[in-house]
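Pasted below: target.pdb, PDB, C-alpha atoms and all ligand atoms.
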MODEL        1
ATOM      1  CA  MET A   1       0.000   0.000   0.000
ATOM      2  CA  ILE A   2       1.403   3.364  -1.026
ATOM      3  CA  PRO A   3       1.243   6.054   1.643
ATOM      4  CA  THR A   4      -0.669   9.109   0.445
ATOM      5  CA  THR A   5       1.550  11.730   1.994
ATOM      6  CA  PRO A   6       5.224  12.333   1.275
ATOM      7  CA  ASP A   7       5.562  13.323   4.901
ATOM      8  CA  SER A   8       5.229   9.855   6.397
ATOM      9  CA  PRO A   9       8.620   9.716   8.054
ATOM     10  CA  ASP A  10      10.220   6.527   6.806
ATOM     11  CA  HIS A  11       8.390   5.603   3.583
ATOM     12  CA  SER A  12       7.297   8.375   1.260
ATOM     13  CA  PRO A  13       6.069   7.707  -2.312
ATOM     14  CA  TYR A  14       9.410   9.181  -3.441
ATOM     15  CA  ASP A  15      11.364   6.677  -1.332
ATOM     16  CA  LEU A  16       9.209   3.865  -2.709
ATOM     17  CA  ALA A  17       9.988   5.023  -6.265
ATOM     18  CA  GLN A  18      13.723   5.003  -5.419
ATOM     19  CA  GLU A  19      13.386   1.412  -4.192
ATOM     20  CA  ALA A  20      11.471   0.423  -7.335
ATOM     21  CA  ALA A  21      14.137   2.031  -9.530
ATOM     22  CA  ALA A  22      16.920   0.189  -7.700
ATOM     23  CA  ARG A  23      15.139  -3.151  -8.178
ATOM     24  CA  LEU A  24      14.430  -2.246 -11.825
ATOM     25  CA  ALA A  25      18.163  -1.699 -12.403
ATOM     26  CA  GLU A  26      18.906  -5.120 -10.851
ATOM     27  CA  LEU A  27      16.228  -6.986 -12.808
ATOM     28  CA  THR A  28      16.922  -5.353 -16.192
ATOM     29  CA  GLY A  29      20.696  -5.101 -15.819
ATOM     30  CA  VAL A  30      20.384  -1.500 -17.032
ATOM     31  CA  ALA A  31      21.839   0.941 -14.514
ATOM     32  CA  SER A  32      20.076   4.016 -15.827
ATOM     33  CA  HIS A  33      17.286   4.783 -18.302
ATOM     34  CA  ASP A  34      16.886   7.934 -20.420
ATOM     35  CA  VAL A  35      13.371   8.141 -21.862
ATOM     36  CA  ALA A  36      10.179   6.669 -20.395
ATOM     37  CA  LEU A  37       7.056   5.811 -22.383
ATOM     38  CA  VAL A  38       3.664   4.945 -20.980
ATOM     39  CA  LEU A  39       1.451   3.098 -23.458
ATOM     40  CA  GLY A  40      -2.283   3.695 -23.319
ATOM     41  CA  SER A  41      -5.180   1.902 -25.001
ATOM     42  CA  GLY A  42      -4.309   1.117 -28.590
ATOM     43  CA  TRP A  43      -0.588   1.832 -28.267
ATOM     44  CA  LEU A  44       0.672  -1.579 -27.106
ATOM     45  CA  PRO A  45       1.298  -3.034 -30.586
ATOM     46  CA  ALA A  46       3.423   0.021 -31.425
ATOM     47  CA  VAL A  47       6.095  -1.012 -28.911
ATOM     48  CA  ASP A  48       7.912  -3.364 -31.283
ATOM     49  CA  ALA A  49       8.797  -0.454 -33.582
ATOM     50  CA  LEU A  50      10.846   1.158 -30.803
ATOM     51  CA  GLY A  51      13.724  -1.290 -30.883
ATOM     52  CA  GLU A  52      14.995  -4.504 -29.372
ATOM     53  CA  ALA A  53      13.939  -5.408 -25.824
ATOM     54  CA  THR A  54      16.884  -6.032 -23.522
ATOM     55  CA  ALA A  55      14.600  -7.099 -20.669
ATOM     56  CA  GLU A  56      10.939  -7.384 -19.801
ATOM     57  CA  ILE A  57       9.690  -7.604 -16.230
ATOM     58  CA  ASP A  58       6.350  -7.752 -14.455
ATOM     59  CA  THR A  59       5.436  -4.497 -12.731
ATOM     60  CA  THR A  60       4.483  -6.577  -9.702
ATOM     61  CA  ASP A  61       8.154  -7.571  -9.305
ATOM     62  CA  LEU A  62       8.887  -3.967  -8.280
ATOM     63  CA  PRO A  63       7.976  -2.406  -4.917
ATOM     64  CA  GLY A  64       4.746  -0.387  -4.990
ATOM     65  CA  PHE A  65       3.029  -1.797  -8.104
ATOM     66  CA  SER A  66      -0.118  -3.901  -7.975
ATOM     67  CA  ALA A  67      -1.711  -6.044 -10.702
ATOM     68  CA  ALA A  68      -3.203  -4.459 -13.864
ATOM     69  CA  ALA A  69      -6.977  -4.537 -13.995
ATOM     70  CA  VAL A  70      -8.136  -3.704 -17.535
ATOM     71  CA  ALA A  71      -8.323  -5.907 -20.638
ATOM     72  CA  GLY A  72      -5.890  -4.521 -23.231
ATOM     73  CA  HIS A  73      -3.413  -3.430 -20.566
ATOM     74  CA  SER A  74      -0.665  -5.855 -19.557
ATOM     75  CA  GLY A  75       1.334  -5.244 -16.393
ATOM     76  CA  LYS A  76       4.809  -5.315 -17.906
ATOM     77  CA  ILE A  77       7.770  -2.984 -18.167
ATOM     78  CA  ARG A  78      10.184  -3.332 -21.068
ATOM     79  CA  SER A  79      13.725  -2.000 -21.277
ATOM     80  CA  ILE A  80      14.649  -1.235 -24.880
ATOM     81  CA  ARG A  81      17.994  -0.178 -26.314
ATOM     82  CA  ALA A  82      17.285   2.360 -29.065
ATOM     83  CA  GLY A  83      20.416   3.812 -30.620
ATOM     84  CA  GLU A  84      22.319   5.482 -27.794
ATOM     85  CA  ARG A  85      19.343   5.543 -25.434
ATOM     86  CA  ASN A  86      17.776   3.241 -22.898
ATOM     87  CA  LEU A  87      13.985   3.388 -23.099
ATOM     88  CA  LEU A  88      11.787   2.364 -20.208
ATOM     89  CA  VAL A  89       8.401   1.346 -21.571
ATOM     90  CA  PHE A  90       5.379   0.794 -19.346
ATOM     91  CA  LEU A  91       3.014  -1.471 -21.297
ATOM     92  CA  SER A  92       0.178  -0.509 -18.959
ATOM     93  CA  ARG A  93      -0.712   2.108 -16.381
ATOM     94  CA  THR A  94      -2.693   2.322 -13.158
ATOM     95  CA  HIS A  95      -5.854   4.360 -13.733
ATOM     96  CA  TYR A  96      -7.420   6.741 -11.253
ATOM     97  CA  TYR A  97     -10.738   4.881 -11.574
ATOM     98  CA  GLU A  98      -9.177   1.742 -10.060
ATOM     99  CA  GLY A  99      -9.480   3.440  -6.706
ATOM    100  CA  LYS A 100      -5.929   2.639  -5.553
ATOM    101  CA  GLY A 101      -5.227   6.281  -4.884
ATOM    102  CA  VAL A 102      -3.411   9.054  -6.686
ATOM    103  CA  ALA A 103       0.047   7.956  -5.496
ATOM    104  CA  ALA A 104      -0.485   4.548  -7.150
ATOM    105  CA  VAL A 105      -1.459   6.299 -10.425
ATOM    106  CA  VAL A 106       1.862   8.160 -10.597
ATOM    107  CA  HIS A 107       4.173   5.528  -9.073
ATOM    108  CA  GLY A 108       5.400   4.470 -12.535
ATOM    109  CA  VAL A 109       6.251   8.065 -13.428
ATOM    110  CA  ARG A 110       8.152   8.568 -10.184
ATOM    111  CA  THR A 111       9.946   5.247 -10.688
ATOM    112  CA  ALA A 112      10.965   6.353 -14.198
ATOM    113  CA  ALA A 113      12.307   9.620 -12.807
ATOM    114  CA  ALA A 114      14.216   7.751 -10.086
ATOM    115  CA  ALA A 115      15.577   5.418 -12.806
ATOM    116  CA  GLY A 116      17.163   8.415 -14.520
ATOM    117  CA  CYS A 117      14.587   9.356 -17.171
ATOM    118  CA  ARG A 118      14.612  13.074 -18.019
ATOM    119  CA  THR A 119      11.883  12.778 -20.670
ATOM    120  CA  ILE A 120       8.557  10.967 -20.610
ATOM    121  CA  VAL A 121       6.130  10.208 -23.425
ATOM    122  CA  LEU A 122       2.606   9.751 -22.106
ATOM    123  CA  THR A 123       0.236   8.126 -24.587
ATOM    124  CA  ASN A 124      -3.440   7.331 -24.241
ATOM    125  CA  GLY A 125      -6.532   6.280 -26.114
ATOM    126  CA  CYS A 126      -9.303   8.829 -25.868
ATOM    127  CA  GLY A 127     -12.469  10.313 -27.268
ATOM    128  CA  GLY A 128     -12.253  13.209 -29.725
ATOM    129  CA  LEU A 129     -14.528  16.181 -30.305
ATOM    130  CA  ARG A 130     -13.317  17.233 -33.785
ATOM    131  CA  GLU A 131     -15.338  15.447 -36.434
ATOM    132  CA  THR A 132     -12.350  15.293 -38.791
ATOM    133  CA  TRP A 133     -10.599  12.914 -36.346
ATOM    134  CA  THR A 134     -11.616   9.495 -37.579
ATOM    135  CA  PRO A 135     -10.906   6.622 -35.133
ATOM    136  CA  GLY A 136      -7.163   5.936 -35.177
ATOM    137  CA  THR A 137      -6.031   9.575 -35.470
ATOM    138  CA  PRO A 138      -3.056  10.578 -33.265
ATOM    139  CA  VAL A 139      -3.228  14.081 -31.742
ATOM    140  CA  LEU A 140      -0.553  15.935 -29.741
ATOM    141  CA  ILE A 141      -1.668  17.144 -26.305
ATOM    142  CA  SER A 142      -1.050  20.902 -26.109
ATOM    143  CA  ASP A 143      -2.379  21.351 -22.564
ATOM    144  CA  HIS A 144      -4.795  19.701 -20.147
ATOM    145  CA  ILE A 145      -7.752  20.305 -17.871
ATOM    146  CA  ASN A 146      -7.704  17.983 -14.870
ATOM    147  CA  LEU A 147     -11.302  17.270 -13.826
ATOM    148  CA  THR A 148     -10.358  14.646 -11.251
ATOM    149  CA  GLY A 149     -10.095  17.448  -8.719
ATOM    150  CA  ARG A 150      -6.965  15.726  -7.379
ATOM    151  CA  SER A 151      -3.210  16.298  -7.378
ATOM    152  CA  PRO A 152      -0.452  13.708  -7.033
ATOM    153  CA  ILE A 153       1.408  16.243  -4.918
ATOM    154  CA  VAL A 154       0.699  16.587  -1.215
ATOM    155  CA  GLY A 155       1.745  19.561   0.868
ATOM    156  CA  ALA A 156       2.957  23.068   0.102
ATOM    157  CA  ARG A 157       4.844  22.259  -3.117
ATOM    158  CA  PHE A 158       3.708  24.741  -5.751
ATOM    159  CA  VAL A 159       4.684  23.241  -9.091
ATOM    160  CA  ASP A 160       4.538  25.408 -12.229
ATOM    161  CA  LEU A 161       2.547  23.817 -15.071
ATOM    162  CA  THR A 162       3.231  26.404 -17.776
ATOM    163  CA  ASP A 163       4.263  24.606 -20.986
ATOM    164  CA  LEU A 164       3.641  21.280 -19.199
ATOM    165  CA  TYR A 165       3.403  19.533 -22.580
ATOM    166  CA  SER A 166       6.745  20.644 -23.980
ATOM    167  CA  SER A 167       6.384  22.935 -26.986
ATOM    168  CA  ARG A 168       9.917  21.879 -27.972
ATOM    169  CA  LEU A 169       8.925  18.200 -28.170
ATOM    170  CA  ARG A 170       5.672  19.029 -29.965
ATOM    171  CA  ALA A 171       7.605  20.951 -32.603
ATOM    172  CA  LEU A 172       9.924  17.944 -33.059
ATOM    173  CA  CYS A 173       6.877  15.723 -33.549
ATOM    174  CA  ARG A 174       5.468  18.019 -36.196
ATOM    175  CA  GLU A 175       8.798  17.921 -38.012
ATOM    176  CA  VAL A 176       8.406  14.143 -38.137
ATOM    177  CA  ASP A 177       4.722  14.310 -39.116
ATOM    178  CA  ALA A 178       3.405  17.707 -40.217
ATOM    179  CA  SER A 179      -0.183  16.395 -40.283
ATOM    180  CA  LEU A 180      -0.346  16.053 -36.471
ATOM    181  CA  ASP A 181      -3.033  18.221 -34.870
ATOM    182  CA  GLU A 182      -2.784  19.564 -31.301
ATOM    183  CA  ALA A 183      -5.551  19.900 -28.721
ATOM    184  CA  VAL A 184      -6.394  20.279 -25.048
ATOM    185  CA  TYR A 185      -6.952  16.969 -23.197
ATOM    186  CA  VAL A 186      -9.599  16.814 -20.492
ATOM    187  CA  GLN A 187      -9.355  14.059 -17.881
ATOM    188  CA  PHE A 188     -12.544  12.802 -16.278
ATOM    189  CA  PRO A 189     -12.343  10.393 -13.330
ATOM    190  CA  GLY A 190     -14.184   7.580 -15.211
ATOM    191  CA  PRO A 191     -14.708   4.658 -15.497
ATOM    192  CA  HIS A 192     -17.987   5.635 -17.140
ATOM    193  CA  TYR A 193     -17.806   7.621 -20.357
ATOM    194  CA  GLU A 194     -19.232  11.145 -20.509
ATOM    195  CA  THR A 195     -22.800  12.183 -21.110
ATOM    196  CA  PRO A 196     -23.456  14.269 -24.228
ATOM    197  CA  ALA A 197     -24.065  17.242 -21.903
ATOM    198  CA  GLU A 198     -20.615  16.749 -20.340
ATOM    199  CA  ILE A 199     -19.067  16.711 -23.824
ATOM    200  CA  GLY A 200     -20.868  20.024 -24.429
ATOM    201  CA  MET A 201     -19.148  21.334 -21.301
ATOM    202  CA  VAL A 202     -15.764  20.071 -22.543
ATOM    203  CA  ARG A 203     -16.244  22.008 -25.762
ATOM    204  CA  ALA A 204     -17.261  25.127 -23.819
ATOM    205  CA  ILE A 205     -14.125  25.021 -21.645
ATOM    206  CA  GLY A 206     -11.827  24.547 -24.631
ATOM    207  CA  GLY A 207     -11.154  20.791 -24.602
ATOM    208  CA  GLU A 208     -11.183  18.549 -27.659
ATOM    209  CA  LEU A 209      -9.825  15.270 -26.245
ATOM    210  CA  VAL A 210     -11.482  13.353 -23.386
ATOM    211  CA  GLY A 211     -10.011  10.497 -21.411
ATOM    212  CA  MET A 212      -9.396   8.892 -18.041
ATOM    213  CA  SER A 213      -5.612   9.179 -17.643
ATOM    214  CA  THR A 214      -2.476  11.233 -18.281
ATOM    215  CA  THR A 215      -3.017  14.508 -16.387
ATOM    216  CA  LEU A 216      -1.969  13.281 -12.939
ATOM    217  CA  GLU A 217       1.041  11.528 -14.472
ATOM    218  CA  ALA A 218       2.038  14.679 -16.367
ATOM    219  CA  ILE A 219       1.885  16.701 -13.139
ATOM    220  CA  ALA A 220       4.030  14.154 -11.284
ATOM    221  CA  ALA A 221       6.493  14.099 -14.188
ATOM    222  CA  ARG A 222       6.818  17.891 -14.096
ATOM    223  CA  GLU A 223       7.260  17.808 -10.330
ATOM    224  CA  ALA A 224      10.124  15.360 -10.932
ATOM    225  CA  GLY A 225      11.666  17.745 -13.484
ATOM    226  CA  MET A 226      10.966  15.662 -16.573
ATOM    227  CA  GLU A 227      10.135  17.064 -20.017
ATOM    228  CA  VAL A 228       6.700  15.746 -21.033
ATOM    229  CA  LEU A 229       5.330  14.755 -24.423
ATOM    230  CA  GLY A 230       1.656  13.733 -24.554
ATOM    231  CA  ILE A 231       0.102  11.958 -27.540
ATOM    232  CA  SER A 232      -3.515  10.836 -27.693
ATOM    233  CA  LEU A 233      -4.903   8.258 -30.065
ATOM    234  CA  VAL A 234      -8.482   9.225 -30.816
ATOM    235  CA  THR A 235     -10.273   5.886 -30.891
ATOM    236  CA  ASN A 236     -13.844   7.180 -30.859
ATOM    237  CA  LEU A 237     -15.776  10.376 -31.336
ATOM    238  CA  ALA A 238     -16.888  11.667 -27.922
ATOM    239  CA  ALA A 239     -20.362  10.901 -26.581
ATOM    240  CA  GLY A 240     -23.284  12.466 -28.412
ATOM    241  CA  ILE A 241     -21.328  13.438 -31.534
ATOM    242  CA  THR A 242     -22.341  10.507 -33.745
ATOM    243  CA  GLY A 243     -25.542   9.537 -31.930
ATOM    244  CA  GLU A 244     -24.178   5.991 -31.427
ATOM    245  CA  PRO A 245     -23.369   4.572 -27.951
ATOM    246  CA  LEU A 246     -19.682   4.137 -26.985
ATOM    247  CA  ASN A 247     -18.417   0.569 -26.866
ATOM    248  CA  HIS A 248     -15.155  -0.538 -25.172
ATOM    249  CA  GLU A 249     -14.551  -3.344 -27.719
ATOM    250  CA  GLU A 250     -14.833  -0.895 -30.637
ATOM    251  CA  VAL A 251     -12.413   1.380 -28.840
ATOM    252  CA  LEU A 252      -9.862  -1.463 -28.526
ATOM    253  CA  GLU A 253     -10.391  -2.449 -32.170
ATOM    254  CA  ALA A 254      -9.724   1.102 -33.413
ATOM    255  CA  GLY A 255      -6.470   0.986 -31.465
ATOM    256  CA  ARG A 256      -5.428  -2.325 -33.004
ATOM    257  CA  ALA A 257      -6.210  -0.997 -36.473
ATOM    258  CA  ALA A 258      -4.024   2.091 -35.884
ATOM    259  CA  ALA A 259      -1.115   0.140 -34.377
ATOM    260  CA  SER A 260       1.256   0.181 -37.325
ATOM    261  CA  ARG A 261       0.851   3.928 -37.826
ATOM    262  CA  MET A 262       1.484   4.573 -34.099
ATOM    263  CA  GLY A 263       4.527   2.286 -34.181
ATOM    264  CA  GLU A 264       5.969   4.210 -37.088
ATOM    265  CA  LEU A 265       5.199   7.533 -35.392
ATOM    266  CA  LEU A 266       6.832   6.572 -32.068
ATOM    267  CA  GLY A 267       9.724   4.887 -33.844
ATOM    268  CA  ARG A 268      10.486   8.122 -35.691
ATOM    269  CA  ILE A 269       9.833  10.526 -32.802
ATOM    270  CA  VAL A 270      11.745   8.847 -29.984
ATOM    271  CA  PRO A 271      15.187   9.059 -31.645
ATOM    272  CA  THR A 272      14.718  12.822 -32.054
ATOM    273  CA  ILE A 273      13.969  13.609 -28.388
TER
HETATM  274  I1  LIG A 301     -10.334   4.912 -25.589
HETATM  275  O1  LIG A 301     -14.766   8.878 -25.073
HETATM  276  C1  LIG A 301     -11.473   6.272 -24.662
HETATM  277  N1  LIG A 301     -11.229   6.611 -23.409
HETATM  278  N2  LIG A 301     -13.482   9.697 -20.758
HETATM  279  N3  LIG A 301     -14.142   9.283 -22.947
HETATM  280  C2  LIG A 301     -13.315   9.034 -21.891
HETATM  281  N4  LIG A 301     -12.327   8.162 -21.944
HETATM  282  C3  LIG A 301     -12.155   7.511 -23.104
HETATM  283  C4  LIG A 301     -12.960   7.712 -24.214
HETATM  284  C5  LIG A 301     -14.012   8.646 -24.129
HETATM  285  N5  LIG A 301     -12.512   6.909 -25.194
ENDMDL
END

What would the structure in this file look like if it were written as structure tokens?
Amino acid sequence: MIPTTPDSPDHSPYDLAQEAAARLAELTGVASHDVALVLGSGWLPAVDALGEATAEIDTTDLPGFSAAAVAGHSGKIRSIRAGERNLLVFLSRTHYYEGKGVAAVVHGVRTAAAAGCRTIVLTNGCGGLRETWTPGTPVLISDHINLTGRSPIVGARFVDLTDLYSSRLRALCREVDASLDEAVYVQFPGPHYETPAEIGMVRAIGGELVGMSTTLEAIAAREAGMEVLGISLVTNLAAGITGEPLNHEEVLEAGRAAASRMGELLGRIVPTI
């Protein structure tokens, strides 16, 4: 069980991440990693385009991780050697809606930071509000609105979130693929999808991507001093836009169908960052 305050004297979430990183180094044989990636719904098949795996471990072999709960998310961490860099790839994440607490949601991010990563790529599958985004369209996250009402940070630590989603990394992505759009990502707590009225609210507040992840991780990454890139895969139009109900299987299928494009995209972006 992860303590919820960093003030608990002998075992803060930051200490637990240090322990996880030390065990990760032992199990992978890689002393330090450079770039972390978190793969969301639909992104898993893209991992093979990143390079050769030097090790793959179960998240549950590291202190502080519990078992993955969602179909389409496997609880594994892969260490990949890509050119001169060591990539640390989380094939799944802990979602806020699992109810394990905010510290559990960001434990992977803090472990990546403790393992040496200075850059993190947060991916997700999400709903889109722009009708031109057919299922399988990748979109860069330009900023976020966190509707969980929670923070991964506890106590008087006032972390700046200006340019949270690095404009430098976004520009690099657009050099690789000039067709990439950018939009504001809105995180709802989930696990239910939105009502059409809630999607109307998202539009009114300036959001065009809706999902159940990423924002708390991005905040924890910034707190840890990492540069953050966020990429959403729009797997469905948001509720009420098409008039059809949302279906989790269709969402997974759109991800599978987009896998080769996402693999190519990540495979071209990661070497540039
Ligand atoms: I994939 O339409 C996926 N995840 N909140 N809304 C929310 N999360 C999602 C959606 C969606 N699609």

Problem set entry | Expansion of the PyMOL selection byres (((not hetatm)) within 7 of (chain A and resi 301)) into residues, as a list in words | Ser41, Gly125, Cys126, Gly127, Gly128, Gln187, Phe188, Gly190, Tyr193, Glu194, Val210, Gly211, Met212, Thr235, Asn236, Leu237, Ala238, Ala239 and Val251 of chain A

Problem set entry | Which residue of A:Leu27, A:Leu147, A:Val154, A:Gly230 approaches Val202 in chain A most closely, using all atoms listed in the file | A:Leu147

Exercise. What's the 9 Å shell around range 80-91 of chain A, counting only C-alpha atoms, without same-chain residues fewer than 2 positions away, as number ranges by chain?
Worked result: A: 30, 32-40, 43-44, 47, 50-56, 59, 73-78, 93, 108, 112, 115, 117, 270-271

For this session: Identify all residues satisfying the PyMOL selection byres (((chain A and resi 161-171) around 10) and not hetatm) in the given file; provide them as a count of residues only.
Result: 36

Exercise. Between A:Glu250, A:Gly155, A:Ala46, A:Glu131, which one has atoms that come closest to Gly267 in chain A, using all atoms listed in the file?
Worked result: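 Closest to Gly267 in chain A of all the choices is A:Ala46.
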
Problem set entry | Option closest in space to Pro189 in chain A, from A:Glu19, A:Asp48, A:Asp58, A:Glu98 [counting all atoms listed in the file] |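 Going through A:Glu19, A:Asp48, A:Asp58, A:Glu98 one by one, the smallest distance to Pro189 in chain A is for A:Glu98.
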
Where is the centre and how long are the edges: axis-aligned box on range 81-91 of chain A, 6 Å on each side, Å to one decimal, as AutoDock Vina command-line options:
--center_x 12.7 --center_y 2.0 --center_z -25.0 --size_x 31.3 --size_y 19.0 --size_z 23.3

For this session: Give me, please, the distance in Å between CA of Asp61 in chain A and CA of Ala113 in chain A, quoted to one decimal.
Result: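 Taking CA of Asp61 in chain A and CA of Ala113 in chain A, their separation equals 18.0 Å.
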
Problem set entry | Expected answer as a VMD selection string: all residues with atoms within 9 Å of (-3.6, 16.0, -39.7), all atoms listed in the file | chain A and resid 132 to 133 137 to 139 177 to 181

Could you turn the residues from that selection into a file that holds C-alpha atoms, as a PDB file, in the coordinates of the input?
ATOM      1  CA  THR A 132     -12.350  15.293 -38.791  1.00  0.00           C
ATOM      2  CA  TRP A 133     -10.599  12.914 -36.346  1.00  0.00           C
ATOM      3  CA  THR A 137      -6.031   9.575 -35.470  1.00  0.00           C
ATOM      4  CA  PRO A 138      -3.056  10.578 -33.265  1.00  0.00           C
ATOM      5  CA  VAL A 139      -3.228  14.081 -31.742  1.00  0.00           C
ATOM      6  CA  ASP A 177       4.722  14.310 -39.116  1.00  0.00           C
ATOM      7  CA  ALA A 178       3.405  17.707 -40.217  1.00  0.00           C
ATOM      8  CA  SER A 179      -0.183  16.395 -40.283  1.00  0.00           C
ATOM      9  CA  LEU A 180      -0.346  16.053 -36.471  1.00  0.00           C
ATOM     10  CA  ASP A 181      -3.033  18.221 -34.870  1.00  0.00           C
TER      11      ASP A 181
END

For this session: List the residues selected by the PyMOL selection byres (((chain A and resi 249) around 12) and not hetatm) in the file shown, writing them as a PyMOL selection string.
Result: chain A and resi 41-42+71-72+235-236+245-248+250-256

Problem set entry | Residue nearest Asn146 in chain A - candidates A:Ala25, A:Val184, A:Val109, A:Ala224, atoms counted: only C-alpha atoms |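 That would be A:Val184, the residue with the smallest distance to Asn146 in chain A.
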
For this session: Measure the distance from CA of Ala20 in chain A to CA of Val106 in chain A in Å and round it to one decimal.
Result: 12.8 Å
